[in-house]
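Chemist: Below: one structure in structure tokens.
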Amino acid sequence: MTTIAELTRDAYDTAVKAAVDTVRAGHPDLDLRSGTAIRALVVEPGALLDASQRDVVSRLRTAMSLRAMSREATVPREDAEAVLSNFGIELGGGTKATGLVRVNLTGTAPVTVRAGVTFVTEDGVKFVVTRTTSASVDPVADEEAIRPATGGRYYFTVPVEAEEVGASGNIQQGRSLECSIIIGNYYSAEAFSDLTGGEDGESVASAVARIPAALAYRGMTNALSTRAQLAASLPDPSVLRAVSCVGHRDRAQLRDKHNPLGIAVGGRVDVYARLFDIPGVESFVADGILLGHDESTATYRIALPSYPGFYAVRYVGPAEDPGRFGSFQYELERSMAPGASAAHDFADSPEVAWSAYQNGSVLVYADLVYEGEDADRHVAVSRSFKVDLYWTDGIKALQELVDSPEVRNVAADCVVRSPAVCLVSMTTPLRLRAGSSATAAELEQAVMDYVNGRSFTGRLTRSELANVLIQHGAESVDLGDAGMRLAGRVCGADGKWYYLEGDALDVSAVGPERAMISPGTVVFAAEQGSIQVSIGAGSVAT
Amino acid sequence: MRHDTAIPRALHDEAVASVKGALGAFWSSLFRDQGLVDALLAARVLGAGQLSIDAMEALSLRDHAGSPVLHREHWHPLVIRLSRRNTATALTVGMPDTPVVGAQDASGDVYLPGEVFVVGGNAAYSKVNTYPIEVMEGRPLVRVVTALCDSVSVPRHVLSQGRDFSVERGVLVIRKEQDPFDSDGYRIEGDGDDRIAVLWACDAEFDHDYVSDFLGYPLGLHAPSTEAASRMLSALWDAVTLGLTPTSLNKILGAVFDVPMVERDTAVESVTADGDDSIVVTGDRVYRIETSRLSELARTAGSALKAGSFLTDEVRVHWGLSADDVAELHARGLLGRIVLPPGSVAGVDETVVIEPGLRTVEEDGWWFRLNDGDSADSPFWRAVFARTTEEERKALCGAMGWSAASHAQVNPFEALGPVALANHILVRTTRAPLSDPSAGLALDYLHRLVPAFASLLVVQETDASDGRDALVLALDRGLEMFDLDSWAQSGSCGTNSTYISAVAREGADIVVTAAAHSTSTAYQYTAHTRSSLSGSGVYAMHISPSAGHDVAGVSFSGVSSHTDSVKRSLRLYWFYYDKDGNFIAEGYKSVSVNAGASVSWTTTSVPPAGACYVSVFFAVQLGTAGVSWRTSGLSVRPVFAQGGDSVSSAPTVTRAEVDSEAAGGSVFDMAAWAASSSNRPYMSDRTSVSSADGVVTVTALVASTSSHYTNYKRLSLADSRVYAMPIPDGIAHFPGSDAHLSISGTAAHTRSVTTPFSVWWFYYDEDGKFIGDRSEDRPDGYVAARSFSIAADTTLAWKASTVPPAGARYVSVFFAARLDEAGAELYVRDIAVRGVFSGMAAVDDVFFRLIPVAATEV
């Protein structure tokens, strides 16, 4: 409620002017100069109360619109929630980071780590074991394998999630952790791969962006109504960050050109659903079968387990010492799941990319590891690899939804896909504004938030990122030869990586048609460590 | 809430009496100074009345269909200062859509009610004074609906809106004889030039962003506070919540093209002529509309009108075009060629044009041997060959009814048209969109509401009967961005070297092939010109200072490879030209490429002062006969930044703003042009200019090889009386927009030889000052003219595209032609200057011929 002291001078003066003028009109000779009794005791208090009440109405009006509210310094969360409730929207509560912790051992004795045990980083971020995990050298049933590592040590993995909601739980592979209990033969612990999926509570701006879909009718037609349909099926609609519908006359829509003339005839829609900010990473150990070798390199094929809608392979390394070196060279081979072409109009393997109908295998070009002794010595016919896969769960459930008779569009064949992700990296020197206390980490996070908050825009420019940095405390950002470097890579439906660099990352014409890369299929994302800011190292003249 | 919502009677005059009665007998009867009581109560009631208006506004904001556009203050004090008299500049460049201020004619002697206040007219200063209005709480006063008074309750001076005063863009314009400082009876405070007058505005309306804050933001749109925007957003709201139905689509189209739509089933009760308008009374509404626009149904009393139908025939919608629909449209001459954009055909990354008429052996691309892929000259047929066997092709020819012997002769339109246009929603309109910027927003948003498995084509039917077609118009866009189509079709796609046998475009690639006798490792050049673009045939891209930012650099990038067996080098050269096309500077990027490798390269060049165009060409080392260089994804685009290479204050643009500010449009007012001094020659002893029925005639009075110009003003619009059109807000000022102004028309002449003709445009800032040409202040400059050649006995449909520079608010247009001989005449007609919306891009997709007025519905 407005207090009189909070009234603006303009509002008060106008009310007094109007009151004085009106009184004077009926009583021209009345002395209404400032300080006179009638003015001070009757006219001004009346005007003050009028202005105060009008201000109440004005605030009520403002509180009915999030946009009007947002012009104020801060939007009260309860006011925002009240308006959002009119659209059936609740602010998302955020999510916890999840992943695997690698426990390094000095021996091979069986070990059990119970659910609830915690691991903590040196700066206090806690992770809780989500499932009681037993490990042994010869695992049975649900047990994890204790695997050999370099230096005469061994390791196994346990699943964890961050104790707190938020992005602080997203830590990089190899980050050192301490265990809260004593484990037999324990040597050390570290993140087995990047822990991902931790997100802070949803911002009001993000919730506002969801309003159109909340208003929209539900149906599998345009991107808006499709998003409304998909969001309605999710327990937390805020996880559905963005939806793009690639349909008639889009270069990346291959399925509606299945006629001898190749002309797009419509009737096919690919629904790309972004279910993440930072792309999720799933790590696992899998055996590769030797296909052949030469003097220095052995080729193995790894059949990928079922991760419906996975995007691409991130890393393939030796299971015994993952992360110590870079990834082996590898090639992703996509293939159609059995029955795919009957379920939907798929002609060949690129067309199933990123959908629930996609299977895959990886050809790995690894160094030579031998088995046997002397005369029996031969290249290992089977070898364990650690594989990191970009994957966020949810595509299969959405595909089942759009295939259901209650939802399916009778005029179109819809396939749900995970978006192709253009993984962005940026380095830049910059100079801070006088008085700015921004740290490099804060600026990097601001850029990450911006990149991960954009969806299906087709283009990311250095100017945009420079603007983000300037808004967060930079005075100037060097865009010259020694300045900001912006690069990106995106894996096409054909399994190949395409690289972009320069003033703008523009995906509008990258790769051949069969790579299915277009503004409607690609989102930008920045992983931890991919954005690097160096303060004070800029070569910019002020 | 409507403008005429009144303060409730009970809270106004009668309220004084009733409140007084409630005070009791002492105050209503016994107290000696009843006048004081009345005056005090009137003041209190005034405050309560405004509170009531505020509350009603707040209540109305709950309903998107009835939401108010502006906030209304029943009484609002306008404070004006004598020291600021005539310091306001807005109306010196006021446009035809500015309010009438009294009225002026060319002489300034006579007031004609209803006349438009002409741009920069002297009358502004001879008849009126202007005062800037002090802004209250940062909210601009948009208009005063009713009157200005010297007092709220007992006014002695009552000034009428439109007759005695007007308010425009924060400026009060008032007739001199009503100026408070020069008239008796106004309350003036202060002394000398510091004197202040308070005028009470009745029904003053302020922009509180209601349209954006309550209608726009839930849809992710930022729209101006106008009635049109409110109507369009309300229509969009319905389409979002209910889906794109015939009714919701018509509601949007009706709002965009300003065509009245019937809300519910009703009947025409009466039609009454009123001047050029008709007043159509239906069962639930009364419409006023120009009689010539009315449909037969709407002008016939007693006829039934269906909900969702229009009162005119100006917008027609065809849902889900079937093969029969396409055939019928074509047979009736309504549908010409079809242009499919890249991505519409599998394996073809370029535009495919589908022509009507039987194609024969001589016509490339539409004839092929069924068993010989090399005979297929077009990318389209090459792609067909790549995916079909000979047997399949024979079967296809049989199924399609083509000749299936040794070769095929095809009528492309009949064969492919129905396939290409299947699943389309076609909107045909003879009207231009409203000039309100929200029209572009609505069209853009509409495209997002169309089912993804179909396409929406919004086609504005135009008179282009001279045969110039949509494809050519589309290529003119090379001015704003590097256009591979234009490059490939220009002289740039050629060679300056005998060692190069071919420079060709293949899809998105440019391929340079060595001649059979080439053994030189020296650089060999593709076509270029170092002197002047004029007449060279070389394609050059306009370096547009768009988006409100100066061009800090030009970025070049691509991916190159070659077929030679050793390492070779390539250079991408760029040449800069000034606004007249004269060469001024050059630069290049070298790329060394190993055998079998492919190199992605990028570089940025800073254009020299005065650079307006940039052309690109290649220099390649060939070495071995037959070797070829392939460059993919050639991209040339301006890099915008402020402060040179460093961004020190980059624009703040949110995603929502980018989405919402995508458009704007405005239509050139030919009548205003003709009524202004633009309709005069630049030198009256050389040229005469006249206009009638929308045709501008330029006549040479003397024989001269210099051009004959229509009138223009280079310094300032003030006092010039040159017509200038306001530039819609959405056309520039944000990165990533492809919005621009399109200037088009047709032209012909009486000469017997080809004659140069040019259209010019000048930009002016908010104060009417000229900014549209190169100057010391704007060394980057940009083009302010396009030149054309018109052959004898030919009508040229011309079109130019331009992105307004930062700060431009107005644009004027004039013409020049080199008529050479006395008595020769140039005719210019159908002049249109309008914003091009991203949502209207589909205009180029399908080309329609002029539709006769009497055409019946399909």
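Every chain in the structure tokens takes a letter, A first, then B, and so on in the order presented; its residues are numbered from 1, and the ligands are numbered from 1 following the presented order.
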Dump as a Markdown table the rows for residues of chain A within 6 Å of chain B: closest atom pair and distance in Å with one decimal, only C-alpha atoms counted, ordered by chain and rising residue number.

Modeler:
| residue | atom | partner | partner_atom | distance |
| --- | --- | --- | --- | --- |
| A:Ala19 | CA | B:Ala43 | CA | 4.6 |
| A:Thr22 | CA | B:Ala43 | CA | 5.3 |
| A:Val23 | CA | B:Ala39 | CA | 4.3 |
| A:Ala25 | CA | B:Val154 | CA | 5.5 |
| A:Gly26 | CA | B:Ala39 | CA | 5.1 |
| A:Asp50 | CA | B:Gly47 | CA | 5.6 |
| A:Arg54 | CA | B:Leu51 | CA | 5.6 |
| A:Arg61 | CA | B:Ala58 | CA | 5.4 |
| A:Ser65 | CA | B:Asp213 | CA | 5.9 |
| A:Arg67 | CA | B:Asp213 | CA | 5.4 |
| A:Ala68 | CA | B:Asp213 | CA | 5.7 |
| A:Ile211 | CA | B:Pro218 | CA | 5.6 |
| A:Pro212 | CA | B:Leu219 | CA | 5.0 |
| A:Leu215 | CA | B:Thr241 | CA | 5.7 |
| A:Ala216 | CA | B:Thr241 | CA | 4.4 |
| A:Tyr217 | CA | B:Thr241 | CA | 4.9 |
| A:Thr221 | CA | B:Pro451 | CA | 4.4 |
| A:Asn222 | CA | B:Pro451 | CA | 4.5 |
| A:Gly247 | CA | B:Ala452 | CA | 4.8 |
| A:His248 | CA | B:Phe453 | CA | 5.0 |
| A:Arg249 | CA | B:Ser344 | CA | 4.6 |
| A:Asp250 | CA | B:Gly343 | CA | 5.5 |
| A:Arg251 | CA | B:Gly343 | CA | 3.9 |
| A:Leu261 | CA | B:Val384 | CA | 5.7 |
| A:Gly262 | CA | B:Ala346 | CA | 4.8 |
| A:Ile263 | CA | B:Val345 | CA | 4.4 |
| A:Ala264 | CA | B:Ser344 | CA | 5.3 |
| A:Gly266 | CA | B:Phe453 | CA | 4.8 |
| A:Gly267 | CA | B:Phe453 | CA | 4.7 |
| A:Arg268 | CA | B:Phe453 | CA | 5.6 |
| A:Val269 | CA | B:Phe453 | CA | 5.8 |
| A:Asn467 | CA | B:Ala650 | CA | 5.2 |
| A:Ser476 | CA | B:Ser648 | CA | 4.7 |
| A:Val477 | CA | B:Val647 | CA | 5.8 |
| A:Asp478 | CA | B:Ser646 | CA | 5.0 |
| A:Leu479 | CA | B:Ser646 | CA | 5.3 |
| A:Gly480 | CA | B:Asp645 | CA | 5.6 |

Chemist: Can I get the selection written as a JSON list (two decimals), in the first residue's frame, with C-alpha atoms?

Modeler:
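Saved result, part.json, follows:
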[["chain", "number", "residue", "atom", "x", "y", "z"],
["A", 19, "ALA", "CA", -8.35, 21.39, -6.49],
["A", 22, "THR", "CA", -11.71, 24.41, -9.03],
["A", 23, "VAL", "CA", -12.18, 26.23, -5.73],
["A", 25, "ALA", "CA", -13.43, 29.10, -10.10],
["A", 26, "GLY", "CA", -16.32, 29.16, -7.66],
["A", 50, "ASP", "CA", -7.07, 11.79, -3.83],
["A", 54, "ARG", "CA", -5.09, 7.17, -7.38],
["A", 61, "ARG", "CA", -2.94, -1.69, -12.53],
["A", 65, "SER", "CA", 1.01, -6.96, -15.75],
["A", 67, "ARG", "CA", 5.82, -6.34, -17.99],
["A", 68, "ALA", "CA", 4.61, -3.25, -16.20],
["A", 211, "ILE", "CA", 3.11, -17.61, -21.24],
["A", 212, "PRO", "CA", 2.32, -17.83, -24.98],
["A", 215, "LEU", "CA", -2.27, -19.51, -23.39],
["A", 216, "ALA", "CA", -2.20, -21.45, -26.59],
["A", 217, "TYR", "CA", -4.65, -24.17, -27.45],
["A", 221, "THR", "CA", 0.06, -28.01, -35.38],
["A", 222, "ASN", "CA", 2.36, -25.02, -34.94],
["A", 247, "GLY", "CA", 7.87, -28.65, -41.38],
["A", 248, "HIS", "CA", 6.86, -27.69, -44.87],
["A", 249, "ARG", "CA", 9.55, -26.01, -46.99],
["A", 250, "ASP", "CA", 12.25, -26.26, -44.36],
["A", 251, "ARG", "CA", 15.64, -27.41, -45.64],
["A", 261, "LEU", "CA", 10.43, -35.20, -57.80],
["A", 262, "GLY", "CA", 11.69, -34.39, -54.33],
["A", 263, "ILE", "CA", 9.26, -31.51, -53.91],
["A", 264, "ALA", "CA", 8.16, -30.73, -50.38],
["A", 266, "GLY", "CA", 3.97, -31.04, -46.39],
["A", 267, "GLY", "CA", 2.29, -33.38, -43.98],
["A", 268, "ARG", "CA", 5.45, -34.13, -41.97],
["A", 269, "VAL", "CA", 6.57, -32.32, -38.86],
["A", 467, "ASN", "CA", 26.72, -6.78, -24.93],
["A", 476, "SER", "CA", 34.93, -2.52, -23.32],
["A", 477, "VAL", "CA", 35.36, -5.80, -25.11],
["A", 478, "ASP", "CA", 38.07, -6.20, -27.69],
["A", 479, "LEU", "CA", 36.68, -7.43, -30.99],
["A", 480, "GLY", "CA", 39.93, -6.98, -32.85]]

Chemist: Mind checking which residues fall within 6 Å of stretch 753-755 of chain B, counting only C-alpha atoms, ignoring those fewer than 6 positions away in the same chain, and posting them as an mmCIF file with all heavy atoms, in the first residue's frame?

Modeler:
data_model
loop_
_atom_site.group_PDB
_atom_site.id
_atom_site.type_symbol
_atom_site.label_atom_id
_atom_site.label_comp_id
_atom_site.auth_asym_id
_atom_site.auth_seq_id
_atom_site.Cartn_x
_atom_site.Cartn_y
_atom_site.Cartn_z
ATOM 1 N N SER B 789 17.604 1.786 -66.726
ATOM 2 C CA SER B 789 17.497 2.169 -68.137
ATOM 3 C C SER B 789 16.152 1.699 -68.657
ATOM 4 O O SER B 789 15.751 0.552 -68.398
ATOM 5 C CB SER B 789 18.612 1.509 -68.952
ATOM 6 O OG SER B 789 19.858 2.047 -68.584
ATOM 7 N N ILE B 790 15.501 2.581 -69.366
ATOM 8 C CA ILE B 790 14.181 2.214 -69.900
ATOM 9 C C ILE B 790 14.268 2.211 -71.425
ATOM 10 O O ILE B 790 14.577 3.242 -72.041
ATOM 11 C CB ILE B 790 13.092 3.206 -69.466
ATOM 12 C CG1 ILE B 790 13.176 3.458 -67.954
ATOM 13 C CG2 ILE B 790 11.723 2.693 -69.848
ATOM 14 C CD1 ILE B 790 12.209 4.519 -67.468
ATOM 15 N N ALA B 791 14.013 1.060 -71.970
ATOM 16 C CA ALA B 791 14.041 0.965 -73.426
ATOM 17 C C ALA B 791 12.833 1.693 -74.020
ATOM 18 O O ALA B 791 11.848 1.970 -73.322
ATOM 19 C CB ALA B 791 14.019 -0.501 -73.843
ATOM 20 N N ALA B 792 12.933 2.001 -75.294
ATOM 21 C CA ALA B 792 11.811 2.678 -75.960
ATOM 22 C C ALA B 792 10.587 1.768 -75.959
ATOM 23 O O ALA B 792 10.712 0.535 -75.987
ATOM 24 C CB ALA B 792 12.203 3.023 -77.391
#

Chemist: I want to know what sits within 9 Å of stretch 134-148 of chain A, based on only C-alpha atoms, with residues of the same chain fewer than 5 positions away left out; could you give that as a PDB file with N, CA, C and O atoms, in the first residue's frame?

Modeler:
ATOM      1  N   LEU A 105      40.386 -46.887  -5.711  1.00  0.00           N
ATOM      2  CA  LEU A 105      40.724 -47.848  -4.641  1.00  0.00           C
ATOM      3  C   LEU A 105      42.174 -48.302  -4.786  1.00  0.00           C
ATOM      4  O   LEU A 105      42.759 -48.250  -5.889  1.00  0.00           O
ATOM      5  N   THR A 108      41.211 -54.642  -4.582  1.00  0.00           N
ATOM      6  CA  THR A 108      40.045 -55.130  -5.318  1.00  0.00           C
ATOM      7  C   THR A 108      38.991 -55.771  -4.414  1.00  0.00           C
ATOM      8  O   THR A 108      38.062 -56.419  -4.900  1.00  0.00           O
ATOM      9  N   ALA A 109      39.121 -55.599  -3.115  1.00  0.00           N
ATOM     10  CA  ALA A 109      38.131 -56.195  -2.205  1.00  0.00           C
ATOM     11  C   ALA A 109      36.755 -55.584  -2.479  1.00  0.00           C
ATOM     12  O   ALA A 109      36.656 -54.389  -2.775  1.00  0.00           O
ATOM     13  N   PRO A 110      35.696 -56.399  -2.414  1.00  0.00           N
ATOM     14  CA  PRO A 110      34.347 -55.875  -2.666  1.00  0.00           C
ATOM     15  C   PRO A 110      34.012 -54.705  -1.731  1.00  0.00           C
ATOM     16  O   PRO A 110      34.435 -54.683  -0.570  1.00  0.00           O
ATOM     17  N   VAL A 111      33.251 -53.779  -2.263  1.00  0.00           N
ATOM     18  CA  VAL A 111      32.918 -52.546  -1.534  1.00  0.00           C
ATOM     19  C   VAL A 111      31.434 -52.273  -1.680  1.00  0.00           C
ATOM     20  O   VAL A 111      30.847 -52.547  -2.735  1.00  0.00           O
ATOM     21  N   THR A 112      30.819 -51.700  -0.631  1.00  0.00           N
ATOM     22  CA  THR A 112      29.432 -51.233  -0.727  1.00  0.00           C
ATOM     23  C   THR A 112      29.352 -49.791  -0.212  1.00  0.00           C
ATOM     24  O   THR A 112      29.885 -49.484   0.851  1.00  0.00           O
ATOM     25  N   VAL A 113      28.733 -48.943  -1.005  1.00  0.00           N
ATOM     26  CA  VAL A 113      28.493 -47.551  -0.577  1.00  0.00           C
ATOM     27  C   VAL A 113      26.984 -47.355  -0.518  1.00  0.00           C
ATOM     28  O   VAL A 113      26.283 -47.548  -1.520  1.00  0.00           O
ATOM     29  N   ARG A 114      26.473 -47.005   0.663  1.00  0.00           N
ATOM     30  CA  ARG A 114      25.026 -46.941   0.835  1.00  0.00           C
ATOM     31  C   ARG A 114      24.471 -45.610   0.325  1.00  0.00           C
ATOM     32  O   ARG A 114      25.157 -44.588   0.304  1.00  0.00           O
ATOM     33  N   ARG A 153      46.093 -49.029  -9.411  1.00  0.00           N
ATOM     34  CA  ARG A 153      44.890 -48.763  -8.627  1.00  0.00           C
ATOM     35  C   ARG A 153      43.669 -49.275  -9.392  1.00  0.00           C
ATOM     36  O   ARG A 153      43.732 -49.760 -10.520  1.00  0.00           O
ATOM     37  N   TYR A 154      42.510 -49.127  -8.718  1.00  0.00           N
ATOM     38  CA  TYR A 154      41.244 -49.622  -9.268  1.00  0.00           C
ATOM     39  C   TYR A 154      40.165 -48.568  -9.019  1.00  0.00           C
ATOM     40  O   TYR A 154      40.366 -47.639  -8.215  1.00  0.00           O
ATOM     41  N   TYR A 155      39.033 -48.737  -9.673  1.00  0.00           N
ATOM     42  CA  TYR A 155      37.951 -47.781  -9.413  1.00  0.00           C
ATOM     43  C   TYR A 155      36.607 -48.414  -9.708  1.00  0.00           C
ATOM     44  O   TYR A 155      36.488 -49.416 -10.409  1.00  0.00           O
ATOM     45  N   PHE A 156      35.571 -47.805  -9.136  1.00  0.00           N
ATOM     46  CA  PHE A 156      34.180 -48.100  -9.523  1.00  0.00           C
ATOM     47  C   PHE A 156      33.410 -46.786  -9.450  1.00  0.00           C
ATOM     48  O   PHE A 156      33.942 -45.763  -9.001  1.00  0.00           O
ATOM     49  N   THR A 157      32.180 -46.801  -9.913  1.00  0.00           N
ATOM     50  CA  THR A 157      31.399 -45.552  -9.946  1.00  0.00           C
ATOM     51  C   THR A 157      30.120 -45.704  -9.134  1.00  0.00           C
ATOM     52  O   THR A 157      29.550 -46.794  -9.036  1.00  0.00           O
ATOM     53  N   VAL A 158      29.692 -44.577  -8.555  1.00  0.00           N
ATOM     54  CA  VAL A 158      28.416 -44.536  -7.830  1.00  0.00           C
ATOM     55  C   VAL A 158      27.596 -43.361  -8.354  1.00  0.00           C
ATOM     56  O   VAL A 158      28.148 -42.306  -8.668  1.00  0.00           O
ATOM     57  N   ALA A 319      38.725 -47.316 -20.588  1.00  0.00           N
ATOM     58  CA  ALA A 319      37.969 -47.469 -19.348  1.00  0.00           C
ATOM     59  C   ALA A 319      38.888 -47.443 -18.146  1.00  0.00           C
ATOM     60  O   ALA A 319      38.506 -46.984 -17.071  1.00  0.00           O
ATOM     61  N   GLU A 320      40.130 -47.920 -18.330  1.00  0.00           N
ATOM     62  CA  GLU A 320      41.006 -48.011 -17.160  1.00  0.00           C
ATOM     63  C   GLU A 320      41.558 -46.656 -16.747  1.00  0.00           C
ATOM     64  O   GLU A 320      41.989 -46.494 -15.624  1.00  0.00           O
ATOM     65  N   ASP A 321      41.536 -45.710 -17.614  1.00  0.00           N
ATOM     66  CA  ASP A 321      42.108 -44.420 -17.243  1.00  0.00           C
ATOM     67  C   ASP A 321      41.376 -43.272 -17.943  1.00  0.00           C
ATOM     68  O   ASP A 321      41.975 -42.490 -18.662  1.00  0.00           O
TER      69      ASP A 321
END

Chemist: Please identify all polymer residues within 9 Å of A:Ala167, counting only C-alpha atoms, omitting same-chain residues fewer than 2 positions from it, and present them as a ChimeraX atom specification.

Modeler: /A:94-97,165,169-171,196-200

Chemist: I need the chosen residues saved as an mmCIF file, in the first residue's frame, with N, CA, C and O atoms.

Modeler:
data_model
loop_
_atom_site.group_PDB
_atom_site.id
_atom_site.type_symbol
_atom_site.label_atom_id
_atom_site.label_comp_id
_atom_site.auth_asym_id
_atom_site.auth_seq_id
_atom_site.Cartn_x
_atom_site.Cartn_y
_atom_site.Cartn_z
ATOM 1 N N GLY A 94 13.743 -25.265 -10.085
ATOM 2 C CA GLY A 94 15.138 -25.614 -10.300
ATOM 3 C C GLY A 94 15.353 -27.111 -10.166
ATOM 4 O O GLY A 94 14.463 -27.848 -9.726
ATOM 5 N N THR A 95 16.534 -27.568 -10.540
ATOM 6 C CA THR A 95 16.833 -29.004 -10.497
ATOM 7 C C THR A 95 18.210 -29.222 -9.901
ATOM 8 O O THR A 95 19.032 -28.310 -9.835
ATOM 9 N N LYS A 96 18.436 -30.479 -9.474
ATOM 10 C CA LYS A 96 19.720 -30.842 -8.903
ATOM 11 C C LYS A 96 20.604 -31.482 -9.978
ATOM 12 O O LYS A 96 20.101 -32.231 -10.825
ATOM 13 N N ALA A 97 21.887 -31.212 -9.891
ATOM 14 C CA ALA A 97 22.833 -31.839 -10.817
ATOM 15 C C ALA A 97 22.963 -33.320 -10.468
ATOM 16 O O ALA A 97 22.874 -33.710 -9.301
ATOM 17 N N VAL A 165 19.487 -27.753 -4.894
ATOM 18 C CA VAL A 165 19.073 -27.370 -6.245
ATOM 19 C C VAL A 165 19.992 -26.261 -6.748
ATOM 20 O O VAL A 165 20.407 -25.409 -5.978
ATOM 21 N N GLY A 169 25.891 -27.230 -8.608
ATOM 22 C CA GLY A 169 26.189 -28.657 -8.611
ATOM 23 C C GLY A 169 26.772 -29.150 -9.917
ATOM 24 O O GLY A 169 27.193 -30.303 -10.016
ATOM 25 N N ASN A 170 26.804 -28.300 -10.936
ATOM 26 C CA ASN A 170 27.385 -28.711 -12.223
ATOM 27 C C ASN A 170 28.898 -28.593 -12.124
ATOM 28 O O ASN A 170 29.445 -27.501 -12.183
ATOM 29 N N ILE A 171 29.564 -29.707 -11.927
ATOM 30 C CA ILE A 171 31.033 -29.651 -11.816
ATOM 31 C C ILE A 171 31.638 -30.460 -12.950
ATOM 32 O O ILE A 171 30.995 -31.336 -13.534
ATOM 33 N N THR A 196 25.840 -32.809 -14.512
ATOM 34 C CA THR A 196 25.034 -31.835 -15.249
ATOM 35 C C THR A 196 23.590 -31.836 -14.771
ATOM 36 O O THR A 196 23.179 -32.692 -13.991
ATOM 37 N N GLY A 197 22.845 -30.891 -15.289
ATOM 38 C CA GLY A 197 21.397 -30.836 -15.028
ATOM 39 C C GLY A 197 21.020 -29.964 -13.850
ATOM 40 O O GLY A 197 19.837 -29.766 -13.594
ATOM 41 N N GLY A 198 22.008 -29.406 -13.145
ATOM 42 C CA GLY A 198 21.680 -28.527 -12.024
ATOM 43 C C GLY A 198 21.244 -27.168 -12.533
ATOM 44 O O GLY A 198 21.952 -26.540 -13.315
ATOM 45 N N GLU A 199 20.083 -26.741 -12.129
ATOM 46 C CA GLU A 199 19.582 -25.449 -12.585
ATOM 47 C C GLU A 199 18.984 -24.693 -11.426
ATOM 48 O O GLU A 199 18.319 -25.266 -10.563
ATOM 49 N N ASP A 200 19.221 -23.389 -11.428
ATOM 50 C CA ASP A 200 18.660 -22.541 -10.384
ATOM 51 C C ASP A 200 17.156 -22.415 -10.588
ATOM 52 O O ASP A 200 16.631 -22.788 -11.644
#

Chemist: For B:Phe815, which residue out of B:Lys20, B:Lys769, B:His562, B:His708 is the nearest one, using only C-alpha atoms?

Modeler: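 Comparing B:Lys20, B:Lys769, B:His562, B:His708 against B:Phe815, the winner is B:His708.
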
Chemist: Can you check which residues of stretch 157-222 of chain A DSSP gives as strand (DSSP E) on the backbone and send them as a ChimeraX atom specification?

Modeler: /A:157-162,176-179,186-191

Chemist: Could you list, as number ranges by chain, every residue within 7 Å of A:Leu7, counting only C-alpha atoms and ignoring same-chain residues fewer than 4 positions away?

Modeler: A: 11-12, 52

Chemist: B:Glu391, B:Glu263, B:Glu766, B:Glu825: which is nearest B:Val702, counting only C-alpha atoms?

Modeler: B:Glu825

Chemist: Compile the contact shell of stretch 381-392 of chain A as a list in words: residues with an atom at most 6 Å away, counting only C-alpha atoms, same-chain residues fewer than 2 positions apart removed.

Modeler: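 In the requested format, the answer is Gly280, Val281, Glu282, Ser283, Phe284, Val285, Ala286, Asp287, Gly288, Ile289, Leu290, Phe310, Tyr311, Ala312, Val313, Arg314, Tyr315, Val316, Gly317, Pro318 and Ala319 of chain A.
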
Chemist: From the DSSP assignment of the backbone, select every residue of stretch 215-335 of chain B that is alpha helix (DSSP H), and format the answer as JSON, numbers by chain.

Modeler: {"B": [227, 228, 229, 230, 231, 232, 233, 234, 235, 236, 237, 238, 239, 240, 241, 242, 246, 247, 248, 249, 250, 251, 252, 253, 254, 255, 256, 257, 323, 324, 325, 326, 327, 328, 329, 330, 331]}

Chemist: Distance atom CA of B:Gln621-atom CA of B:Thr521, one decimal place?

Modeler: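 Atom CA of B:Thr521 lies 5.1 Å from atom CA of B:Gln621.
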
Chemist: For each of A:Ala446, A:Leu332, A:Ala397, A:Leu60, take the minimum atom-to-atom distance to A:Asp494, counting only C-alpha atoms, then give the residue where this is smallest.

Modeler: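 Residue with the minimum atom-to-atom distance to A:Asp494: A:Leu332.
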